[in-house]
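Chemist: Contents of entry15.txt (compact mmCIF, C-alpha atoms):
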```
# COMPACT_ATOMS: atom_id res chain seq x y z
CA GLY A 1 -119.73 -0.41 1.18
CA PRO A 2 -119.81 -4.17 0.62
CA ALA A 3 -119.14 -5.43 -2.92
CA GLY A 4 -122.22 -5.52 -5.12
CA MET A 5 -124.25 -3.29 -2.82
CA LYS A 6 -125.48 0.03 -4.16
CA ARG A 7 -125.17 3.17 -2.05
CA VAL A 8 -128.49 4.60 -0.89
CA PRO A 9 -128.90 8.23 -2.02
CA TRP A 10 -129.57 9.50 1.52
CA LEU A 11 -128.84 13.09 0.57
CA ALA A 12 -131.43 13.07 -2.21
CA LEU A 13 -134.01 11.31 -0.07
CA SER A 14 -133.42 13.77 2.79
CA VAL A 15 -133.72 16.77 0.47
CA LEU A 16 -136.98 15.42 -0.92
CA LEU A 17 -138.44 14.60 2.49
CA VAL A 18 -137.38 17.78 4.28
CA GLY A 19 -138.32 19.98 1.33
CA THR A 20 -141.76 18.44 1.02
CA LEU A 21 -142.43 18.63 4.76
CA ALA A 22 -141.22 22.24 4.99
CA TRP A 23 -143.33 23.32 2.02
CA ALA A 24 -146.41 21.54 3.42
CA ALA A 25 -145.88 23.00 6.90
CA VAL A 26 -145.52 26.55 5.57
CA ALA A 27 -148.59 26.12 3.35
CA VAL A 28 -150.75 24.72 6.16
CA LEU A 29 -149.61 27.20 8.81
CA GLU A 30 -149.91 30.18 6.48
CA SER A 31 -153.40 29.19 5.28
CA ALA A 32 -154.51 28.81 8.90
CA GLY A 33 -152.99 32.19 9.79
CA HIS A 34 -150.56 30.63 12.29
CA LEU A 35 -147.22 31.48 10.73
CA ALA A 36 -146.38 34.09 13.35
CA LEU A 37 -143.08 32.78 14.66
CA PRO A 38 -141.18 34.18 17.64
CA PRO A 39 -138.49 36.76 16.85
CA CYS A 40 -134.86 35.74 16.51
CA PRO A 41 -133.35 35.44 20.02
CA LEU A 42 -129.97 36.85 18.89
CA LYS A 43 -131.59 39.85 17.24
CA ARG A 44 -133.78 40.42 20.27
CA LEU A 45 -130.74 40.27 22.57
CA THR A 46 -128.16 42.19 20.49
CA GLY A 47 -130.18 44.07 17.89
CA LEU A 48 -128.16 42.31 15.15
CA PRO A 49 -129.57 39.58 12.92
CA CYS A 50 -128.19 36.06 12.98
CA LEU A 51 -126.92 34.33 9.83
CA SER A 52 -130.36 32.89 9.14
CA CYS A 53 -132.47 35.98 9.91
CA GLY A 54 -134.96 36.38 7.08
CA MET A 55 -134.83 32.70 6.12
CA THR A 56 -138.38 31.90 7.29
CA ARG A 57 -139.76 34.89 5.39
CA CYS A 58 -137.67 33.82 2.38
CA LEU A 59 -139.15 30.32 2.45
CA THR A 60 -142.66 31.67 2.95
CA ALA A 61 -142.28 33.97 -0.06
CA LEU A 62 -140.84 31.09 -2.07
CA ALA A 63 -143.78 28.85 -1.12
CA ARG A 64 -146.03 31.57 -2.59
CA GLY A 65 -143.92 31.73 -5.75
CA GLU A 66 -142.63 35.24 -4.96
CA LEU A 67 -139.00 34.85 -6.03
CA HIS A 68 -138.20 38.57 -5.79
CA ARG A 69 -139.44 38.72 -2.19
CA ALA A 70 -137.59 35.51 -1.32
CA TRP A 71 -134.39 37.08 -2.71
CA HIS A 72 -135.03 40.20 -0.64
CA TRP A 73 -135.40 38.29 2.62
CA HIS A 74 -132.43 35.93 2.26
CA PRO A 75 -130.45 35.58 -1.01
CA VAL A 76 -128.43 32.59 0.20
CA GLY A 77 -131.62 30.85 1.31
CA LEU A 78 -133.20 31.28 -2.10
CA VAL A 79 -130.10 30.11 -3.97
CA SER A 80 -129.78 27.12 -1.61
CA VAL A 81 -133.38 26.06 -2.16
CA LEU A 82 -133.03 26.43 -5.92
CA LEU A 83 -129.84 24.31 -5.90
CA LEU A 84 -131.36 21.48 -3.84
CA PRO A 85 -133.02 19.63 -6.76
CA GLY A 86 -129.70 19.59 -8.60
CA LEU A 87 -127.92 18.36 -5.50
CA GLY A 88 -130.49 15.60 -5.10
CA LEU A 89 -130.11 14.56 -8.75
CA TRP A 90 -126.32 14.57 -8.39
CA ASP A 91 -126.64 12.27 -5.38
CA ILE A 92 -129.00 9.87 -7.19
CA VAL A 93 -126.69 9.63 -10.21
CA ARG A 94 -123.66 9.02 -7.98
CA ALA A 95 -125.57 6.37 -6.02
CA LEU A 96 -126.64 4.58 -9.21
CA ARG A 97 -123.02 4.56 -10.39
CA GLY A 98 -121.89 3.26 -7.00
CA SER A 99 -119.71 6.30 -6.38
CA GLU A 100 -118.71 7.22 -2.86
CA TYR A 101 -119.32 10.68 -1.46
CA PRO A 102 -116.46 13.10 -2.11
CA ASN A 103 -114.11 13.73 0.79
CA LEU A 104 -115.35 17.05 2.13
CA ALA A 105 -112.12 17.57 4.06
CA GLU A 106 -110.50 18.28 0.68
CA CYS A 107 -113.14 20.82 -0.42
CA ASP A 108 -111.63 23.98 1.09
CA TRP A 109 -112.89 26.12 -1.81
CA ALA A 110 -116.49 25.04 -1.14
CA ARG A 111 -116.23 25.99 2.54
CA TRP A 112 -114.82 29.41 1.59
CA VAL A 113 -117.60 30.02 -0.95
CA VAL A 114 -120.30 29.11 1.58
CA ALA A 115 -118.66 31.15 4.36
CA GLY A 116 -118.28 34.14 2.03
CA ALA A 117 -121.89 33.94 0.84
CA LEU A 118 -123.20 33.73 4.41
CA ALA A 119 -120.95 36.56 5.63
CA GLY A 120 -121.95 38.74 2.68
CA THR A 121 -125.63 38.06 3.26
CA TRP A 122 -125.24 38.76 6.97
CA CYS A 123 -123.61 42.13 6.18
CA LEU A 124 -126.48 42.89 3.80
CA GLN A 125 -129.04 41.90 6.46
CA VAL A 126 -127.36 44.17 9.03
CA ALA A 127 -127.22 47.09 6.58
CA ARG A 128 -130.90 46.69 5.68
CA GLY A 129 -132.03 46.21 9.28
CA ILE A 130 -133.64 42.83 8.70
```
How does this structure look as structure tokens?
Modeler:
Amino acid sequence: GPAGMKRVPWLALSVLLVGTLAWAAVAVLESAGHLALPPCPLKRLTGLPCLSCGMTRCLTALARGELHRAWHWHPVGLVSVLLLPGLGLWDIVRALRGSEYPNLAECDWARWVVAGALAGTWCLQVARGI
């Protein structure tokens, strides 16, 4: 960015906003008894879960403070949600220091870790029939 201008921590602000809105929406919908969401279209069509099958139930369990149930429904979802505050803090610190975002094109290991975690969770979801 221009000299002397601090980078806005958009990642941290987005995590805070989306996280707060998602938690509030789940809490309101669940308390009103309206959290019945339509089934996954891929699962309905093929009988196999998609990569995010179980994520809504994971987030609902997490909103209730039921970590063991959240882990059951979607381990990657739970780990992701638990890592978000750290990611937001990392972004704020980098923004205060004036650091640029890392070049994600050079982060092959991160892509492989995420792909492996999602593929492993998908295999687990298929095996358990979620």
Chemist: Tell me which protein, DNA and RNA residues are within 10 Å of Cys50 of chain A, counting all atoms listed in the file, leaving out same-chain ones fewer than 2 positions away, and put them as a list in words.
Modeler: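 Near Cys50 of chain A, the qualifying residues are Cys40, Pro41, Leu42, Lys43, Thr46, Gly47, Leu48, Ser52, Cys53, Gly54, Trp122, Gln125, Val126 and Ile130 of chain A.
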Chemist: Using only C-alpha atoms, pick whichever of A:Val18, A:Ala63, A:Val8, A:Ile92 has the shortest atom-to-atom distance to Glu30 of chain A.
Modeler: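 Of A:Val18, A:Ala63, A:Val8, A:Ile92, the one nearest Glu30 of chain A, counting only C-alpha atoms, is A:Ala63.
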Chemist: With distances taken over all atoms listed in the file, which of A:Arg128, A:Arg44, A:Arg97, A:His68 is nearest to Pro9 of chain A?
Modeler: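 Ranking A:Arg128, A:Arg44, A:Arg97, A:His68 by distance to Pro9 of chain A, first place goes to A:Arg97.
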Chemist: Name the closest residue to Thr20 of chain A among the candidates A:Leu87, A:Cys107, A:Val81, A:Leu118; distances are taken between atoms, counting all atoms listed in the file.
Modeler: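 Closest to Thr20 of chain A, using all atoms listed in the file: A:Val81.
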Chemist: From the list A:Leu83, A:Leu89, A:Val76, A:Leu17, which residue is nearest Val114 of chain A when using all atoms listed in the file?
Modeler: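 So, comparing all the options, the nearest one is A:Val76.
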Chemist: Please provide as a ChimeraX atom specification all residues within 7 Å of Gly77 of chain A, with the sequence filter that same-chain residues fewer than 3 positions apart are discarded (counting all atoms listed in the file).
Modeler: /A:55,58,74,80-81
Chemist: For a quick check of understanding, using only C-alpha atoms, which of A:Pro75, A:Leu21, A:Leu82, A:Val26 has the smallest distance to Thr121 of chain A?
Modeler: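 Using only C-alpha atoms, the shortest distance to Thr121 of chain A belongs to A:Pro75.
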Chemist: Edge lengths and centre, in Å to one decimal, as JSON: that's what I need for the box along x, y and z that holds all listed atoms of segment 108-118 of chain A plus 6 Å on each side.
Modeler:
```
{"center_x": -117.4, "center_y": 29.1, "center_z": 1.3, "size_x": 23.6, "size_y": 22.2, "size_z": 18.2}
```
Chemist: Which of these, A:Leu11, A:Cys123, A:Leu59, A:Leu45, has the shortest distance to Ala25 of chain A once you count only C-alpha atoms?
Modeler: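 Closest to Ala25 of chain A of all the choices is A:Leu59.
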Chemist: At what distance in Å, to one decimal, does atom CA of Leu124 of chain A lie from atom CA of Ala70 of chain A?
Modeler: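 Answer for the atom CA of Ala70 of chain A to atom CA of Leu124 of chain A separation: 14.3 Å.
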Chemist: Kindly give the distance, in Å, that separates atom CA of Ala27 of chain A and atom CA of Leu78 of chain A, rounded to a single decimal.
Modeler: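 Atom CA of Leu78 of chain A lies at a distance of 17.1 Å from atom CA of Ala27 of chain A.
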Chemist: Rounded to one decimal in Å, what is the spacing between atom CA of Val15 of chain A and atom CA of Leu84 of chain A?
Modeler: 6.8 Å
